[in-house]
Amino acid sequence: MSEPVQVSAVFDTILVLDFGSQYSHLITRRLREFNIYAEMLPCTQKIKELAWKPKGIILSGGPYSVYEEGAPHVDQAIFDLGVPILGICYGMQELAWIAGENNVGEGEHREYGHATINVEKGDCPLFNEVDHSQVWMSHNDKLHALPAHYHTVATTANSPYAAIAHDEKEIFGIQFHPEVTHTAKGKQLLRNFAVDICKAEQNWSMKNFINTEIERIRALVGEHGEVIGAVSGGVDSTVAAKLMTEAIGERFHALYVDNGVMRLNETQQVKETLDAGLGINLTVIDASEEFLGKLKGVTDPEKKRKIIGNTFIEVFEREAARITPKRSNEIEYLLQGTLYPDVIESISFKGPSQTIKTHHNVGGLLEDMKLKLIEPLRELFKDEVRALGELMGIPHDLVWRHPFPGPGIAIRILGEVTPEQVAIARHADHIYIEEIRKHGLYDKISQAFACLLPVKSVGVMGDQRTYEQVIALRAVATQDFMTADWYEFDAAFLKVVSRRIVNEVKGVARVVYDVTSKPPATVEWE
């Protein structure tokens with residue numbers, strides 16, 4: 001069996017080393033918008049462990065001070081690769097600190113928000129078509145001296161070294177954040193670095209990705225290997241299943257597990273769509289009693305996720321054992337629709353960043369799991385998956401269906417998950433989505449759902465006092481699900497939804513709307 005080829009070994013790749021900035025993922029997104037593949041790894045990544053050579057390296061921002069004890073630092077082997085390097089904010093200070101530890105210190109005051117850069121006279125390729133424009137600053141520390149062998153490229157009123165460049169090597173540092181939209185010509189600057197300086201070929205596209213990934217799957221699985229697949233009916237798992245079917249055909253066994261916390265009529269709709277509509281041979285397993293039994297009495301959201309993730313694997317392994325005697329080869333692999341944001345949010349890099357939450361398909365798996373994971377979408381953002389799905393002929397309504405978490409309604413019920421609570425949350429959610437579709441808003445919203453809160457509220461119905469539960473409605477608009485803004489419904493729409501839920505869903509006395517963006521909140525409540 002030949003070894004599978006990594007995506008980063010096929011496409012010219014810019015390596016983004018993450019120091020924990022909330023903006024780090026945006027660097028990767030911006031580069032991919034230029035059809036350049038970019039991959040983000042922790043700043044602690046050892047270069048010798050890479051199986052591929054990047055075309056260039058970007059050091060992200062971060063929340064630490066480079067001169068503090070325990071502050072994260074890059075593997076200095078990056079300077080031996082002979083590729084261009086760009087340091088952003090903390091990344092720039094890291095370059096200066098490496099050049100001389102006394103070059104960086106606390107600023108007179110914090111610089112946060114807009115600033116205007118003044119580009120020095122000269123011919124710096126990083127600032128081609130970028131001059132005297134507005135940029136976004138977010139830092140406490142600053143350069144107090146110009147590092148040896150560097151020269152100043154740009155300044156601001158408060159930063160005499162807003163941008164620096166090495167005298168001889170293609171190494172650059174900027175104090176501002178080009179990856180955020182607040183920096184007027186930030187995308188141009190990143191393009192200058194990736195295309196003009198790094199000479200990265202702009203060949204990253206979903207059309208090219210399809211062929212590369214199919215070849216990679218075939219190399220990994222082999223000519224006779226078999227794969228069992230986790231599908232939910234959402235765009236991620238559906239695209240992954242379609243890709244796997246294209247790669248190995250009938251050797252892929254798609255499984256849909258009804259865990260008892262799915263949306264209303266979900267199981268029937270999924271079977272019709274995937275089996276009849278897309279030609280994916282689907283087996284439906286009703287494990288609702290098993291899941292709900294294990295969730296009984298559990299209120300901690302992380303425990304819920306791990307219980308559901310572990311139970312999924314147990315069900316898959318049982319099914320693999322059941323299928324195997326009928327096949328000539330043992331099933332070795334488990335397909336999952338893991339996406340890049342799942343990976344980013346679930347991995348805690350040593351030092352700079354924290355785990356936001358465990359995704360059931362990333363960090364909530366059994367340690368002694370017998371099946372090997374295969375995740376063909378692991379390098380992709382949500383919008384890339386949707387583009388991939390449309391290229392593969394998956395219906396528009398399915399491709400643009402709102403995401404639904406693997407743990408399902410279980411993480412939309414705050415507190416203990418019981419059949420009664422599931423029924424309430426499921427009914428309220430169905431009404432909410434039904435009205436969103438009826439009002440022509442579904443495609444304008446990235447994700448919407450109803451959440452059942454573990455509190456009761458006094459109400460009055462039919463001249464009688466009620467004391468029942470609260471439903472919180474959530475709707476967000478986003479490009480990549482790494483950041484999101486709450487959707488601004490008309491008051492008339494919210495009145496209709498609230499009235500229907502309170503009148504039609506037994507056990508609900510009050511409806512509220514969540515107006516928190518991500519960050520500081522996550523999209524899901526748990």
# chains A, B, ... in the order shown; residues from 1 in each chain; ligands from 1
>>> residues_around(residues="Arg318 of chain A", least_positions_apart="6", cutoff="12 Å", atoms="only C-alpha atoms", output="list in words")
Ile228, Leu255, Ile285, Ala287, Thr311, Phe312, Thr324, Ile331, Met369, Lys370 and Leu371 of chain A
>>> write_last_selection(atoms="N, CA, C and O atoms", output="compact mmCIF listing (two decimals), in the first residue's frame")
# COMPACT_ATOMS: atom_id res chain seq x y z
N ILE A 228 -16.02 2.45 7.24
CA ILE A 228 -17.35 2.66 7.80
C ILE A 228 -17.50 4.15 8.05
O ILE A 228 -16.56 4.81 8.48
N LEU A 255 -23.18 4.90 7.75
CA LEU A 255 -24.05 4.61 8.89
C LEU A 255 -24.65 5.91 9.44
O LEU A 255 -23.94 6.90 9.62
N ILE A 285 -29.30 3.08 12.18
CA ILE A 285 -29.22 2.36 13.45
C ILE A 285 -29.94 3.17 14.52
O ILE A 285 -29.58 4.32 14.78
N ALA A 287 -30.21 3.87 18.06
CA ALA A 287 -29.53 3.68 19.34
C ALA A 287 -29.98 4.73 20.34
O ALA A 287 -29.27 5.07 21.29
N THR A 311 -19.96 6.95 22.77
CA THR A 311 -21.04 6.03 22.42
C THR A 311 -21.15 5.86 20.91
O THR A 311 -21.41 4.76 20.41
N PHE A 312 -20.93 6.95 20.18
CA PHE A 312 -20.90 6.85 18.72
C PHE A 312 -19.86 5.81 18.29
O PHE A 312 -20.14 4.93 17.47
N THR A 324 -18.26 -7.02 9.13
CA THR A 324 -17.01 -7.66 8.74
C THR A 324 -17.17 -9.12 8.30
O THR A 324 -16.61 -9.52 7.27
N ILE A 331 -12.94 -4.18 8.36
CA ILE A 331 -13.09 -2.73 8.29
C ILE A 331 -12.11 -2.09 9.26
O ILE A 331 -12.13 -2.38 10.45
N MET A 369 -9.84 3.30 20.91
CA MET A 369 -10.65 3.09 19.72
C MET A 369 -9.92 2.18 18.74
O MET A 369 -8.75 2.39 18.41
N LYS A 370 -10.60 1.14 18.25
CA LYS A 370 -10.00 0.18 17.35
C LYS A 370 -9.94 0.71 15.91
O LYS A 370 -9.01 0.42 15.16
N LEU A 371 -10.95 1.47 15.52
CA LEU A 371 -11.00 2.00 14.17
C LEU A 371 -10.05 3.18 14.01
O LEU A 371 -9.88 3.99 14.91
>>> residues_around(residues="segment 186-198 of chain A", least_positions_apart="3", cutoff="6 Å", atoms="only C-alpha atoms", output="PyMOL selection string")
chain A and resi 55-56+126+178-179+183
>>> atom_distance(atom1="atom CA of Glu524 of chain A", atom2="atom CA of Arg263 of chain A")
15.3 Å
>>> atom_distance(atom1="atom CA of Trp486 of chain A", atom2="atom CA of Phe404 of chain A")
17.2 Å
>>> select_by_dssp(residues="segment 10-195 of chain A", states="strand (DSSP E or B)", output="PyMOL selection string")
chain A and resi 13-18+37-42+56-59+85-88+104-116+118-119+134-143+150-155+163-166+171-174
>>> closest_residue(among="A:Leu81, A:Leu334, A:Ala71, A:Ala423", to="Ala240 of chain A", atoms="only C-alpha atoms")
A:Leu334
>>> select_by_dssp(residues="segment 404-481 of chain A", states="alpha helix (DSSP H)", output="PyMOL selection string")
chain A and resi 419-438
>>> closest_atom_pairs(of="segment 127-171 of chain A", to="segment 12-24 of chain A", cutoff="12 Å", atoms="only C-alpha atoms", output="Markdown table")
| residue | atom | partner | partner_atom | distance |
| --- | --- | --- | --- | --- |
| A:Trp136 | CA | A:Tyr23 | CA | 11.6 |
| A:Ser138 | CA | A:Ser21 | CA | 10.3 |
| A:His139 | CA | A:Ser21 | CA | 11.0 |
>>> closest_residue(among="A:Gly249, A:Pro160, A:Gly415, A:Gly173", to="Tyr90 of chain A", atoms="only C-alpha atoms")
A:Gly173
>>> residues_around(residues="Ala230 of chain A", least_positions_apart="3", cutoff="10 Å", atoms="only C-alpha atoms", output="list in words")
Val227, Gly233, Ser237, Thr238, Ala240, Ala241, His253, Ala254, Leu255, Tyr256, Val257, Phe312, Ile313, Phe316, Leu334, Leu335, Gln336, Gly337, Asn361 and Gly406 of chain A
>>> closest_residue(among="A:Val523, A:Val10, A:Ala157, A:Ala200", to="Val83 of chain A", atoms="only C-alpha atoms")
A:Ala200
>>> residues_around(residues="segment 488-502 of chain A", least_positions_apart="4", cutoff="9 Å", atoms="only C-alpha atoms", output="PyMOL selection string")
chain A and resi 427-429+431-432+435-436+439+471+475-476+506-513+515
>>> write_last_selection(atoms="N, CA, C and O atoms", output="short mmCIF file (atom, residue, chain, number, x, y, z; two decimals), in the first residue's frame")
data_model
loop_
_atom_site.label_atom_id
_atom_site.label_comp_id
_atom_site.auth_asym_id
_atom_site.auth_seq_id
_atom_site.Cartn_x
_atom_site.Cartn_y
_atom_site.Cartn_z
N HIS A 427 -39.46 20.39 19.37
CA HIS A 427 -40.67 21.03 18.85
C HIS A 427 -40.44 22.54 18.68
O HIS A 427 -40.82 23.12 17.65
N ALA A 428 -39.81 23.16 19.66
CA ALA A 428 -39.54 24.61 19.57
C ALA A 428 -38.62 24.92 18.39
O ALA A 428 -38.82 25.89 17.65
N ASP A 429 -37.60 24.09 18.23
CA ASP A 429 -36.65 24.29 17.13
C ASP A 429 -37.36 24.15 15.78
O ASP A 429 -37.10 24.92 14.84
N ILE A 431 -40.50 24.73 15.00
CA ILE A 431 -41.31 25.92 14.75
C ILE A 431 -40.44 27.09 14.30
O ILE A 431 -40.76 27.81 13.34
N TYR A 432 -39.33 27.28 14.99
CA TYR A 432 -38.40 28.38 14.70
C TYR A 432 -37.88 28.29 13.26
O TYR A 432 -37.95 29.26 12.49
N GLU A 435 -40.58 28.89 10.58
CA GLU A 435 -40.89 30.30 10.36
C GLU A 435 -39.77 31.02 9.63
O GLU A 435 -40.01 31.91 8.81
N ILE A 436 -38.53 30.64 9.90
CA ILE A 436 -37.39 31.24 9.18
C ILE A 436 -37.51 30.95 7.69
O ILE A 436 -37.30 31.84 6.84
N HIS A 439 -40.44 32.88 6.07
CA HIS A 439 -40.17 34.31 5.86
C HIS A 439 -39.01 34.55 4.89
O HIS A 439 -38.56 35.70 4.73
N ILE A 471 -37.22 29.12 26.51
CA ILE A 471 -36.52 28.81 25.26
C ILE A 471 -35.72 30.04 24.82
O ILE A 471 -36.25 31.15 24.77
N ALA A 475 -29.45 32.80 16.37
CA ALA A 475 -29.24 32.86 14.92
C ALA A 475 -28.00 33.71 14.68
O ALA A 475 -27.87 34.80 15.25
N VAL A 476 -27.11 33.20 13.83
CA VAL A 476 -25.87 33.93 13.56
C VAL A 476 -25.60 33.99 12.07
O VAL A 476 -26.06 33.15 11.29
N LYS A 506 -45.87 22.61 24.79
CA LYS A 506 -46.23 22.44 26.19
C LYS A 506 -44.98 22.41 27.06
O LYS A 506 -44.04 21.68 26.78
N GLY A 507 -44.99 23.23 28.10
CA GLY A 507 -43.85 23.27 29.01
C GLY A 507 -42.99 24.51 28.87
O GLY A 507 -41.99 24.66 29.56
N VAL A 508 -43.36 25.42 27.95
CA VAL A 508 -42.60 26.66 27.73
C VAL A 508 -43.45 27.86 28.09
O VAL A 508 -44.58 27.99 27.63
N ALA A 509 -42.89 28.76 28.91
CA ALA A 509 -43.62 29.95 29.33
C ALA A 509 -43.02 31.24 28.80
O ALA A 509 -43.65 32.29 28.87
N ARG A 510 -41.79 31.17 28.29
CA ARG A 510 -41.11 32.41 27.89
C ARG A 510 -40.11 32.11 26.78
O ARG A 510 -39.49 31.04 26.75
N VAL A 511 -39.92 33.08 25.87
CA VAL A 511 -38.96 32.97 24.77
C VAL A 511 -38.06 34.20 24.78
O VAL A 511 -38.55 35.33 24.87
N VAL A 512 -36.74 33.98 24.70
CA VAL A 512 -35.78 35.09 24.64
C VAL A 512 -34.90 34.91 23.41
O VAL A 512 -34.80 33.82 22.85
N TYR A 513 -34.24 36.00 23.00
CA TYR A 513 -33.35 35.95 21.82
C TYR A 513 -31.93 36.32 22.23
O TYR A 513 -31.70 37.31 22.91
N VAL A 515 -28.39 37.75 21.78
CA VAL A 515 -27.74 38.79 20.96
C VAL A 515 -26.26 38.89 21.29
O VAL A 515 -25.69 39.97 21.35
#
>>> residues_around(residues="Leu243 of chain A", least_positions_apart="3", cutoff="8 Å", atoms="only C-alpha atoms", output="list in words")
Ile210, Ile214, Val239, Ala240, Glu246 and Ala247 of chain A
>>> write_last_selection(atoms="N, CA and C atoms", output="CSV table (one decimal), in the first residue's frame")
chain,number,residue,atom,x,y,z
A,210,ILE,N,-10.6,17.8,-5.1
A,210,ILE,CA,-11.3,16.6,-5.3
A,210,ILE,C,-10.4,15.5,-5.8
A,214,ILE,N,-9.2,12.3,-3.5
A,214,ILE,CA,-9.6,10.9,-3.9
A,214,ILE,C,-8.4,10.0,-4.0
A,239,VAL,N,-20.9,15.5,2.3
A,239,VAL,CA,-19.8,15.8,1.4
A,239,VAL,C,-18.7,14.7,1.6
A,240,ALA,N,-18.4,14.5,2.8
A,240,ALA,CA,-17.4,13.5,3.1
A,240,ALA,C,-17.8,12.1,2.6
A,246,GLU,N,-17.1,8.2,-4.1
A,246,GLU,CA,-16.4,8.4,-5.3
A,246,GLU,C,-15.0,7.7,-5.3
A,247,ALA,N,-14.4,7.6,-4.2
A,247,ALA,CA,-13.0,7.1,-4.1
A,247,ALA,C,-13.0,5.6,-4.0
>>> closest_residue(among="A:Leu339, A:Ile248, A:Ala38, A:Val153", to="Gln202 of chain A", atoms="only C-alpha atoms")
A:Ala38
>>> atom_distance(atom1="atom CA of Thr116 of chain A", atom2="atom CA of His132 of chain A")
6.2 Å
>>> residues_around(residues="Leu414 of chain A", least_positions_apart="4", cutoff="7 Å", atoms="only C-alpha atoms", output="JSON, numbers by chain")
{"A": [452, 453, 454]}
>>> residues_around(residues="Val221 of chain A", least_positions_apart="3", cutoff="9 Å", atoms="only C-alpha atoms", output="PyMOL selection string")
chain A and resi 1+4+216-218+224-227+248+332-333
>>> closest_residue(among="A:His177, A:His396, A:His144, A:Lys185", to="Glu129 of chain A", atoms="only C-alpha atoms")
A:Lys185
